[in-house]
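*Asks:* My file is structure.txt. It has compact mmCIF, C-alpha atoms:
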```txt
# COMPACT_ATOMS: atom_id res chain seq x y z
CA MET A 24 0.00 0.00 0.00
CA SER A 25 1.30 3.42 -0.87
CA GLY A 26 0.02 6.98 -0.94
CA ALA A 27 0.86 10.36 -2.34
CA ILE A 28 1.78 11.76 1.06
CA SER A 29 4.60 10.09 2.98
CA ILE A 30 4.03 8.89 6.54
CA ARG A 31 6.89 11.13 7.70
CA ALA A 32 5.23 14.18 6.18
CA LYS A 33 1.91 13.19 7.70
CA ALA A 34 3.48 12.76 11.10
CA ALA A 35 4.86 16.28 10.95
CA ALA A 36 1.55 17.63 9.69
CA LEU A 37 -0.33 15.80 12.43
CA ALA A 38 1.92 17.14 15.16
CA CYS A 39 1.51 20.70 13.86
CA ALA A 40 -2.23 20.38 13.31
CA LEU A 41 -2.85 18.88 16.72
CA SER A 42 -0.90 21.56 18.51
CA LEU A 43 -2.72 24.37 16.68
CA THR A 44 -6.25 23.02 16.59
CA LEU A 45 -6.16 21.60 20.08
CA ALA A 46 -4.94 24.90 21.51
CA GLY A 47 -7.67 26.81 19.67
CA SER A 48 -10.35 24.35 20.67
CA LEU A 49 -9.36 24.40 24.30
CA ALA A 50 -9.31 28.19 24.35
CA SER A 51 -12.76 28.52 22.81
CA THR A 52 -14.68 25.62 24.33
CA GLY A 53 -12.63 24.12 27.12
CA VAL A 54 -12.99 20.72 25.40
CA ALA A 55 -10.39 19.00 23.21
CA HIS A 56 -11.86 18.49 19.74
CA ALA A 57 -8.59 18.28 17.85
CA ASP A 58 -9.67 17.13 14.41
CA ALA A 59 -13.14 17.53 12.95
CA GLY A 60 -12.08 15.50 9.92
CA PHE A 61 -11.20 12.58 12.17
CA ARG A 62 -14.58 12.73 13.89
CA ASN A 63 -16.25 12.80 10.47
CA TRP A 64 -14.22 9.75 9.45
CA ILE A 65 -15.43 7.85 12.54
CA ALA A 66 -19.03 8.82 11.81
CA GLY A 67 -18.70 7.82 8.15
CA PHE A 68 -17.04 4.48 8.84
CA GLU A 69 -20.00 3.38 10.94
CA LYS A 70 -21.91 2.57 7.74
CA THR A 71 -19.05 0.31 6.59
CA ALA A 72 -18.95 -1.45 9.95
CA VAL A 73 -22.73 -2.02 9.98
CA ALA A 74 -22.54 -3.46 6.45
CA ALA A 75 -19.90 -5.88 7.76
CA GLY A 76 -22.27 -7.10 10.47
CA ILE A 77 -21.30 -4.84 13.38
CA SER A 78 -24.17 -3.49 15.44
CA ARG A 79 -24.42 0.26 15.81
CA SER A 80 -24.39 -0.09 19.60
CA VAL A 81 -21.05 -1.95 19.55
CA TYR A 82 -19.55 0.55 17.11
CA ARG A 83 -20.65 3.58 19.09
CA ALA A 84 -19.49 2.06 22.37
CA ALA A 85 -16.06 1.44 20.83
CA PHE A 86 -15.68 5.07 19.81
CA ALA A 87 -17.33 6.72 22.80
CA GLY A 88 -15.12 9.61 23.87
CA VAL A 89 -12.75 9.31 20.87
CA SER A 90 -12.49 12.68 19.13
CA ASP A 91 -8.92 13.09 17.93
CA PRO A 92 -6.19 10.93 16.39
CA ASP A 93 -3.39 9.46 18.48
CA PRO A 94 -0.18 11.29 17.42
CA GLU A 95 2.05 8.64 19.01
CA VAL A 96 0.62 6.01 16.67
CA ILE A 97 1.99 7.86 13.64
CA GLN A 98 5.33 8.42 15.35
CA LYS A 99 5.67 4.73 16.26
CA ALA A 100 4.73 3.67 12.75
CA GLN A 101 7.93 5.26 11.47
CA PHE A 102 10.25 3.07 13.56
CA GLN A 103 10.32 -0.73 13.42
CA PRO A 104 13.46 -2.18 15.05
CA GLU A 105 13.26 -5.45 13.10
CA PHE A 106 14.28 -3.51 10.01
CA LYS A 107 16.49 -0.75 11.48
CA ASP A 108 18.50 -2.13 14.42
CA LYS A 109 21.82 -3.86 13.90
CA ILE A 110 21.41 -7.57 14.49
CA TRP A 111 23.48 -7.57 17.70
CA ASP A 112 21.62 -4.59 19.13
CA TYR A 113 18.33 -6.28 18.35
CA LEU A 114 19.32 -9.56 20.00
CA ASP A 115 21.07 -7.96 22.99
CA ASN A 116 17.83 -6.19 23.89
CA ARG A 117 15.81 -9.39 23.67
CA VAL A 118 18.07 -12.33 24.51
CA ASN A 119 19.80 -11.50 27.77
CA GLU A 120 20.13 -12.55 31.38
CA ASP A 121 16.77 -11.05 32.35
CA SER A 122 14.69 -12.52 29.52
CA ILE A 123 16.30 -15.96 29.93
CA ALA A 124 15.81 -16.10 33.71
CA GLU A 125 12.22 -14.89 33.50
CA GLY A 126 11.50 -17.41 30.74
CA GLN A 127 12.79 -20.22 32.91
CA ARG A 128 10.66 -18.99 35.80
CA MET A 129 7.58 -18.89 33.55
CA ARG A 130 8.47 -22.36 32.28
CA THR A 131 8.10 -23.66 35.83
CA LYS A 132 5.09 -21.55 36.77
CA TRP A 133 3.03 -22.51 33.73
CA LYS A 134 4.30 -26.09 33.34
CA PRO A 135 0.89 -27.85 33.67
CA TRP A 136 -0.57 -25.62 30.94
CA LEU A 137 2.54 -25.86 28.76
CA ASP A 138 2.33 -29.64 28.99
CA ARG A 139 -1.24 -29.53 27.67
CA ILE A 140 -0.50 -26.97 24.97
CA GLU A 141 2.54 -28.86 23.74
CA LYS A 142 0.55 -32.11 23.61
CA ARG A 143 -2.38 -30.53 21.77
CA PHE A 144 -0.48 -28.44 19.22
CA GLY A 145 2.95 -30.10 18.99
CA VAL A 146 4.83 -26.80 19.33
CA ASP A 147 7.87 -26.60 21.60
CA ARG A 148 7.08 -24.79 24.86
CA ASP A 149 10.31 -22.80 24.81
CA ILE A 150 9.41 -21.32 21.43
CA LEU A 151 6.08 -20.18 22.88
CA LEU A 152 7.80 -18.69 25.93
CA ALA A 153 10.26 -16.87 23.68
CA ILE A 154 7.42 -15.41 21.61
CA TRP A 155 5.67 -14.30 24.81
CA SER A 156 8.88 -12.61 25.93
CA MET A 157 9.44 -10.92 22.57
CA GLU A 158 5.89 -9.68 22.25
CA THR A 159 5.05 -8.38 25.73
CA ASN A 160 7.93 -9.25 28.07
CA TYR A 161 5.88 -12.08 29.57
CA GLY A 162 2.82 -9.85 29.85
CA LYS A 163 4.49 -6.94 31.64
CA ILE A 164 3.97 -4.58 28.69
CA LEU A 165 0.20 -5.03 28.97
CA GLU A 166 0.39 -3.06 32.20
CA ARG A 167 2.16 -0.08 30.59
CA LYS A 168 -0.13 2.77 29.62
CA ASP A 169 2.65 4.34 27.55
CA VAL A 170 2.63 1.29 25.26
CA MET A 171 -0.89 -0.15 25.28
CA ARG A 172 -3.67 2.05 23.99
CA SER A 173 -7.27 2.05 22.78
CA LEU A 174 -7.42 -0.23 19.74
CA PRO A 175 -10.33 1.61 18.04
CA ARG A 176 -8.53 4.95 18.32
CA SER A 177 -5.20 3.52 17.15
CA LEU A 178 -6.58 1.78 14.08
CA ALA A 179 -8.83 4.71 13.21
CA THR A 180 -5.76 6.96 13.37
CA LEU A 181 -3.90 4.73 10.91
CA ALA A 182 -6.93 4.47 8.62
CA TYR A 183 -7.34 8.24 8.62
CA LEU A 184 -3.74 9.42 8.40
CA ASP A 185 -1.51 6.67 7.04
CA ASP A 186 -2.14 5.91 3.37
CA ARG A 187 0.18 2.89 3.46
CA ARG A 188 -1.72 1.22 6.28
CA ALA A 189 -5.24 2.56 5.71
CA LYS A 190 -6.67 -0.59 4.11
CA PHE A 191 -5.01 -2.79 6.74
CA ALA A 192 -6.33 -0.60 9.56
CA ARG A 193 -9.92 -0.66 8.27
CA GLN A 194 -9.84 -4.46 7.97
CA GLN A 195 -8.40 -4.90 11.45
CA LEU A 196 -10.89 -2.48 12.98
CA ILE A 197 -13.84 -4.45 11.60
CA ALA A 198 -12.28 -7.69 12.84
CA ALA A 199 -11.71 -6.21 16.31
CA LEU A 200 -15.32 -5.10 16.55
CA LYS A 201 -16.41 -8.63 15.62
CA ILE A 202 -14.34 -9.93 18.55
CA VAL A 203 -16.16 -7.54 20.89
CA GLN A 204 -19.53 -8.40 19.41
CA ALA A 205 -18.87 -12.12 19.95
CA GLY A 206 -18.27 -11.43 23.64
CA HIS A 207 -14.61 -12.47 23.80
CA VAL A 208 -13.61 -9.10 25.27
CA ASP A 209 -15.52 -5.98 26.21
CA VAL A 210 -14.86 -2.55 24.75
CA ASP A 211 -12.92 -1.38 27.80
CA GLY A 212 -10.59 -4.37 27.47
CA LEU A 213 -9.98 -3.84 23.75
CA THR A 214 -6.43 -2.56 24.09
CA SER A 215 -3.55 -3.03 21.69
CA SER A 216 -0.19 -1.79 20.51
CA TRP A 217 -0.06 1.18 18.15
CA ALA A 218 -0.67 -1.16 15.18
CA GLY A 219 -3.57 -3.09 16.70
CA ALA A 220 -1.67 -6.11 18.06
CA MET A 221 -3.55 -7.53 21.02
CA GLY A 222 -2.94 -9.45 24.21
CA HIS A 223 -0.05 -11.38 25.72
CA THR A 224 1.10 -12.73 22.36
CA GLN A 225 0.14 -9.67 20.27
CA PHE A 226 -2.28 -10.91 17.64
CA ILE A 227 -3.79 -8.58 15.09
CA PRO A 228 -7.59 -8.96 15.01
CA THR A 229 -7.84 -10.92 11.73
CA SER A 230 -5.21 -13.37 12.97
CA TYR A 231 -7.09 -13.71 16.23
CA LEU A 232 -10.25 -14.64 14.33
CA HIS A 233 -8.31 -17.29 12.41
CA TYR A 234 -6.15 -18.79 15.18
CA ALA A 235 -7.76 -18.00 18.55
CA ALA A 236 -7.77 -20.96 20.93
CA ASP A 237 -9.80 -21.26 24.13
CA MET A 238 -7.34 -23.33 26.14
CA ASP A 239 -8.75 -22.74 29.61
CA GLY A 240 -12.25 -23.83 28.54
CA ASP A 241 -14.27 -20.79 29.61
CA GLY A 242 -15.83 -20.30 26.18
CA HIS A 243 -13.66 -17.35 25.17
CA ALA A 244 -10.13 -17.07 23.82
CA ASN A 245 -9.18 -14.20 26.08
CA ILE A 246 -5.59 -13.49 25.03
CA TRP A 247 -5.62 -10.28 27.12
CA ALA A 248 -6.18 -11.97 30.49
CA SER A 249 -5.61 -15.73 30.01
CA VAL A 250 -1.99 -16.82 29.56
CA PRO A 251 -3.05 -20.37 28.54
CA ASP A 252 -5.33 -18.94 25.84
CA ALA A 253 -2.61 -16.61 24.57
CA LEU A 254 0.09 -19.28 24.40
CA ALA A 255 -2.29 -21.77 22.79
CA THR A 256 -3.29 -19.19 20.20
CA ALA A 257 0.37 -18.66 19.32
CA ALA A 258 0.87 -22.43 19.12
CA ASN A 259 -2.15 -22.77 16.85
CA LEU A 260 -0.72 -20.15 14.47
CA LEU A 261 2.59 -21.98 14.25
CA ARG A 262 0.94 -25.39 13.80
CA LYS A 263 -1.36 -24.17 11.04
CA ASN A 264 1.60 -22.62 9.23
CA GLY A 265 3.46 -25.91 9.12
CA TRP A 266 5.39 -26.27 12.38
CA GLN A 267 7.33 -29.54 12.42
CA SER A 268 6.95 -31.08 15.85
CA GLY A 269 10.09 -32.38 17.49
CA ARG A 270 12.43 -30.43 15.22
CA THR A 271 14.52 -27.35 15.86
CA TRP A 272 14.49 -23.96 14.11
CA GLY A 273 18.10 -24.16 12.93
CA TYR A 274 21.74 -24.84 13.71
CA GLU A 275 24.71 -22.56 14.24
CA VAL A 276 27.39 -23.85 11.89
CA SER A 277 30.99 -23.42 10.87
CA VAL A 278 31.34 -22.35 7.23
CA PRO A 279 34.15 -23.97 5.25
CA ALA A 280 36.89 -21.60 4.11
CA GLY A 281 36.68 -20.30 0.56
CA LEU A 282 32.96 -20.85 0.15
CA GLY A 283 32.29 -17.15 -0.30
CA SER A 284 28.71 -15.90 -0.40
CA ARG A 285 27.48 -18.05 -3.27
CA ALA A 286 25.72 -20.53 -0.96
CA GLU A 287 23.80 -17.97 1.09
CA ARG A 288 20.02 -18.13 0.92
CA THR A 289 20.15 -21.44 -0.93
CA SER A 290 18.31 -24.55 0.26
CA LYS A 291 19.96 -27.94 0.43
CA THR A 292 19.60 -31.15 2.39
CA MET A 293 21.73 -31.58 5.49
CA ALA A 294 23.64 -34.31 3.67
CA GLU A 295 24.49 -31.83 0.91
CA TRP A 296 25.60 -29.19 3.42
CA ARG A 297 27.73 -31.76 5.21
CA LYS A 298 29.34 -32.76 1.92
CA LEU A 299 30.29 -29.11 1.33
CA GLY A 300 32.09 -29.10 4.68
CA PHE A 301 29.52 -27.52 6.97
CA THR A 302 29.57 -28.71 10.57
CA ARG A 303 27.67 -27.79 13.72
CA VAL A 304 29.64 -25.61 16.11
CA ASN A 305 28.96 -27.95 19.02
CA GLY A 306 30.55 -30.87 17.16
CA ARG A 307 27.37 -32.92 16.93
CA ASP A 308 26.02 -34.34 13.67
CA PHE A 309 22.85 -33.13 12.00
CA PRO A 310 19.97 -35.33 13.22
CA SER A 311 18.45 -35.84 9.77
CA SER A 312 20.39 -36.07 6.53
CA SER A 313 17.28 -35.50 4.42
CA GLU A 314 16.04 -32.38 6.23
CA ARG A 315 16.41 -29.25 4.13
CA ALA A 316 17.95 -26.04 5.42
CA THR A 317 18.90 -22.59 4.18
CA LEU A 318 22.20 -20.87 4.93
CA ILE A 319 21.76 -17.45 6.53
CA ARG A 320 24.56 -15.17 7.78
CA PRO A 321 22.80 -12.15 9.30
CA SER A 322 25.97 -10.03 9.66
CA GLY A 323 27.96 -11.33 6.71
CA SER A 324 31.01 -13.54 6.63
CA ASN A 325 32.49 -12.23 9.93
CA GLY A 326 29.59 -13.23 12.16
CA PRO A 327 27.64 -16.34 13.14
CA ALA A 328 26.25 -18.56 10.39
CA PHE A 329 23.11 -20.67 10.57
CA LEU A 330 21.43 -23.45 8.64
CA MET A 331 17.78 -22.55 9.08
CA THR A 332 15.19 -25.30 8.91
CA LYS A 333 11.52 -25.03 8.04
CA ASN A 334 10.55 -24.06 11.59
CA PHE A 335 12.60 -20.86 11.29
CA PHE A 336 10.43 -19.78 8.37
CA VAL A 337 7.29 -20.84 10.22
CA ILE A 338 8.27 -18.44 13.03
CA LYS A 339 8.41 -15.73 10.35
CA ALA A 340 4.68 -16.24 9.84
CA TYR A 341 4.43 -14.46 13.20
CA ASN A 342 6.72 -11.61 12.18
CA ASN A 343 8.29 -11.65 8.72
CA ALA A 344 11.78 -10.59 9.77
CA ASP A 345 14.90 -12.76 10.03
CA LYS A 346 15.98 -10.87 13.16
CA TYR A 347 12.73 -11.67 14.90
CA ALA A 348 12.78 -15.36 14.03
CA LEU A 349 16.44 -15.69 15.04
CA ALA A 350 15.78 -13.96 18.37
CA VAL A 351 12.82 -16.25 19.09
CA GLY A 352 14.80 -19.37 18.23
CA HIS A 353 17.92 -18.38 20.15
CA LEU A 354 15.97 -17.21 23.21
CA ALA A 355 14.02 -20.47 23.19
CA ASP A 356 17.29 -22.40 23.22
CA ARG A 357 18.63 -20.30 26.10
CA ILE A 358 15.42 -20.78 28.11
CA GLY A 359 15.79 -24.50 27.48
CA GLY A 360 19.29 -24.51 28.96
CA TYR A 361 21.51 -24.24 25.89
CA GLY A 362 24.49 -21.89 25.83
CA PRO A 363 25.17 -18.67 23.91
CA LEU A 364 26.23 -18.52 20.28
CA ALA A 365 29.72 -19.89 19.66
CA GLN A 366 30.74 -16.99 17.43
CA ASP A 367 30.12 -13.41 18.47
CA TRP A 368 28.84 -10.67 16.23
CA PRO A 369 31.30 -8.28 14.53
CA ARG A 370 30.48 -5.45 16.92
CA GLY A 371 33.89 -3.85 17.12
CA TYR A 372 33.48 -3.37 20.87
CA THR A 373 32.98 -5.36 24.08
CA PRO A 374 29.28 -5.47 25.01
CA LEU A 375 27.83 -4.96 28.48
CA SER A 376 26.00 -7.35 30.74
CA MET A 377 22.43 -6.43 31.70
CA ASP A 378 23.56 -5.12 35.09
CA GLU A 379 26.13 -2.94 33.33
CA ARG A 380 23.49 -1.68 30.89
CA TYR A 381 21.32 -0.63 33.85
CA GLU A 382 24.33 1.15 35.30
CA LEU A 383 25.06 2.89 31.99
CA GLN A 384 21.53 4.26 31.79
CA GLN A 385 21.68 5.38 35.41
CA ARG A 386 24.96 7.24 34.83
CA LEU A 387 23.61 8.90 31.69
CA THR A 388 20.56 9.97 33.70
CA HIS A 389 22.85 11.42 36.36
CA HIS A 390 24.51 13.50 33.63
CA GLY A 391 21.09 14.81 32.56
CA LEU A 392 21.27 13.14 29.15
CA TYR A 393 18.78 10.27 29.51
CA ASP A 394 15.23 10.51 30.82
CA GLY A 395 13.91 7.15 29.67
CA LYS A 396 13.15 3.98 31.55
CA ILE A 397 16.05 2.27 33.35
CA ASP A 398 15.46 -1.13 31.75
CA GLY A 399 18.83 -2.16 30.33
CA LYS A 400 17.49 -1.98 26.78
CA ILE A 401 19.61 0.19 24.54
CA GLY A 402 17.14 1.76 22.16
CA SER A 403 17.10 5.03 20.25
CA SER A 404 16.80 7.17 23.41
CA SER A 405 19.77 5.46 25.05
CA LYS A 406 21.86 5.78 21.88
CA THR A 407 21.01 9.47 21.60
CA ALA A 408 22.12 9.96 25.22
CA ILE A 409 25.32 7.98 24.61
CA MET A 410 26.23 10.11 21.59
CA ALA A 411 25.45 13.30 23.48
CA TYR A 412 27.80 12.21 26.25
CA GLN A 413 30.50 11.16 23.77
CA GLU A 414 30.29 14.55 22.09
CA ARG A 415 30.50 16.33 25.44
CA ALA A 416 33.51 14.20 26.45
CA GLY A 417 35.27 14.65 23.12
CA ILE A 418 35.37 10.95 22.27
CA GLU A 419 34.15 9.10 19.18
CA ARG A 420 30.39 9.40 18.72
CA ASP A 421 29.58 5.78 17.85
CA GLY A 422 26.49 5.38 20.07
CA ASN A 423 27.63 1.96 21.28
CA ALA A 424 26.85 0.70 24.78
CA SER A 425 30.38 -0.60 25.20
CA LYS A 426 32.56 -1.69 28.09
CA ALA A 427 35.00 1.09 27.18
CA LEU A 428 32.26 3.73 27.44
CA LEU A 429 31.08 2.50 30.83
CA ASP A 430 34.67 2.45 32.14
CA PHE A 431 35.10 6.03 30.89
CA LEU A 432 31.91 7.11 32.66
CA ARG A 433 33.04 5.46 35.89
CA LYS A 434 36.35 7.34 35.81
CA ASN A 435 34.78 10.68 34.91
```
Represent the supplied structure as structure tokens.

*Replies:*
Amino acid sequence: MSGAISIRAKAAALACALSLTLAGSLASTGVAHADAGFRNWIAGFEKTAVAAGISRSVYRAAFAGVSDPDPEVIQKAQFQPEFKDKIWDYLDNRVNEDSIAEGQRMRTKWKPWLDRIEKRFGVDRDILLAIWSMETNYGKILERKDVMRSLPRSLATLAYLDDRRAKFARQQLIAALKIVQAGHVDVDGLTSSWAGAMGHTQFIPTSYLHYAADMDGDGHANIWASVPDALATAANLLRKNGWQSGRTWGYEVSVPAGLGSRAERTSKTMAEWRKLGFTRVNGRDFPSSSERATLIRPSGSNGPAFLMTKNFFVIKAYNNADKYALAVGHLADRIGGYGPLAQDWPRGYTPLSMDERYELQQRLTHHGLYDGKIDGKIGSSSKTAIMAYQERAGIERDGNASKALLDFLRKN
């Protein structure tokens, strides 16, 4: 989907329009009516919703009190880390001491349900735990008002202001209202991310309608409040997209010298890869000679290499990004007790532990350069603060959360 006006331009226009119209509206009426066009869009879309089978009472309840677009939705739509972060930054923020330990704790806490889900759907429990971690940090994000928002307002904002996502947003909004109308969640509980992803395992509404599983047997697949329902729904998605039970997502491998890049993204059987000189880094043999796999080297020839099996590409049905699928697979392995990757990424610096990343953020806060959450995750705000400090200190502005930077901060 594309449009004549770029999302970046619309974001700037929205910010300007909201500041001007909201100020004028507040001054004249004392009530925030930021965008008459948006209210007209909501009123006009009711006819479309009714034609799709949504009752007027459900539609009007969903939009009660909604009068202006959500500017943060447009801002968030411009940044998707799966496609912008370096692979090691992406994984460091998601596969770390905290996410592994919490996953192992959840593995114990939810064992009876995981036993049932694994038996019913044939999907490895650690994969489901890793997805839960990736999507909502084991449900913790659902409690954050700065992340979760009103789904009707979010999707209406995208439909109204984002040409690229307008068709998607309209479809998802209708699907979400069908979920409410069926009684699976009430309007007040219809919360989502900026893009309409819902519940513990972040399903968009159309995917919910296709894959939702009522695991706890109460008659509703409540992925917002029921962890068993959410994990079973994720398992159902993977199963229906071809998950191969009892098999892994891929293998870290050693690449034979002189192969070059000609074999990347090609599919061969494990026997064929073995014949070319590929071996697993842990010294074990490949379990199946006939299984097919694709060679992927996310950071080129200087970083880790993987032979990805079908399950890796099934994970991509959840989020169509190699980084995402690799993070899910690797985190699942770590939760299950396996060690870190044998070969490190070509970072060019020594990375920090999670405790050191907390300390880095705290020190940057002390210097007045960082006002974000102290969570050990080095995102755009942390990198901006790092570069500001590096510029102030007269050292290279690389934005890296490195051991050298933390040592410098400790001494200064």

*Asks:* Kindly provide the residues of segment 309-370 of chain A that approach segment 275-299 of chain A to within 6 Å, each paired with its closest atom pair and their distance in Å to one decimal, based on all atoms listed in the file, listed by chain and increasing number, as CSV.

*Replies:*
```
residue,atom,partner,partner_atom,distance
A:Ser312,CA,A:Ala294,CA,4.7
A:Ser313,CA,A:Thr292,CA,5.3
A:Glu314,CA,A:Thr292,CA,5.4
A:Arg315,CA,A:Thr292,CA,4.1
A:Ala316,CA,A:Ser290,CA,5.4
A:Thr317,CA,A:Ser290,CA,4.4
A:Leu318,CA,A:Glu287,CA,5.1
A:Ile319,CA,A:Glu287,CA,5.8
A:Ala328,CA,A:Val276,CA,5.6
A:Phe329,CA,A:Glu275,CA,4.4
```

*Asks:* Just checking: using only C-alpha atoms, which residue out of A:Arg172, A:Ile409, A:Arg270, A:Pro369 ends up closest to Gly323 of chain A?

*Replies:* A:Pro369

*Asks:* Please report the interatomic distance between atom CA of Asp252 of chain A and atom CA of Ala236 of chain A in Å with one decimal.

*Replies:*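 According to the coordinates, atom CA of Asp252 of chain A and atom CA of Ala236 of chain A are separated by 5.8 Å.
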
*Asks:* So the first atom is atom CA of Met171 of chain A and the second is atom CA of Gln225 of chain A; what is the distance between them in Å, to one decimal place?

*Replies:* 10.8 Å

*Asks:* Name the residues in contact with Ser78 of chain A at a cut-off of 10 Å, using all atoms listed in the file, excluding same-chain residues fewer than 4 positions from it; report them as a PyMOL selection string.

*Replies:* chain A and resi 69+72-74+82-83+200-201+204

*Asks:* If we count only C-alpha atoms, what is near Gly126 of chain A at a cut-off of 8 Å, once residues fewer than 3 positions away on the same chain are taken out, given as a list in words?

*Replies:* Ser122, Ile123, Met129, Arg130, Leu152, Ala153, Ser156, Tyr161 and Ile358 of chain A

*Asks:* Restricting the calculation to all atoms listed in the file, which member of A:Trp111, A:Trp64, A:Ala255, A:Ser215 is positioned closest to Gln366 of chain A?

*Replies:* A:Trp111

*Asks:* Residues within 12 Å of Thr71 of chain A, please, as a PyMOL selection string. Count only C-alpha atoms; anything in the same chain fewer than 4 positions from it doesn't count.

*Replies:* chain A and resi 64-67+75-79+82+193-194+196-197+200

*Asks:* Would you please work out which residue, of A:Gly60, A:Gly240, A:Gly326, A:Gly88, is nearest to Ile110 of chain A when using only C-alpha atoms?

*Replies:*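 Among A:Gly60, A:Gly240, A:Gly326, A:Gly88, it is A:Gly326 that comes nearest to Ile110 of chain A.
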
*Asks:* When you draw a straight line from atom CA of Ile202 of chain A to atom CA of Asp149 of chain A, how long is it in Å?

*Replies:* 28.5 Å

*Asks:* Which residues of segment 146-166 of chain A come within 12 Å of segment 338-345 of chain A, and for each one, what is the closest pair of atoms and their distance in Å to one decimal, counting all atoms listed in the file, sorted by chain and residue number, as a Markdown table?

*Replies:*
```
| residue | atom | partner | partner_atom | distance |
| --- | --- | --- | --- | --- |
| A:Val146 | CA | A:Ile338 | CA | 11.0 |
| A:Asp147 | CA | A:Ile338 | CA | 11.8 |
| A:Ile150 | CA | A:Ile338 | CA | 9.0 |
| A:Leu151 | CA | A:Ile338 | CA | 10.2 |
| A:Ala153 | CA | A:Ile338 | CA | 10.9 |
| A:Ile154 | CA | A:Tyr341 | CA | 9.0 |
| A:Trp155 | CA | A:Tyr341 | CA | 11.7 |
| A:Met157 | CA | A:Asn342 | CA | 10.8 |
| A:Glu158 | CA | A:Asn342 | CA | 10.3 |
```

*Asks:* Skip segment 386-389 of chain A itself and residues of its chain fewer than 6 positions away, then list as a ChimeraX atom specification all residues within 12 Å of it, counting all atoms listed in the file.

*Replies:* /A:379-380,395-397,401,404-413,415,424,428-435

*Asks:* Taking into account all atoms listed in the file, which residue in the set A:Arg117, A:Arg370, A:Arg128, A:Arg167 is nearest to Asn325 of chain A?

*Replies:*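 Closest to Asn325 of chain A, using all atoms listed in the file: A:Arg370.
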
*Asks:* Would you pick out the contacts of Ala192 of chain A at 10 Å or less, using all atoms listed in the file, so that residues sharing its chain but fewer than 6 positions from it are not included, and give the list as a ChimeraX atom specification?

*Replies:* /A:175,177-183,185-186,198,218-219
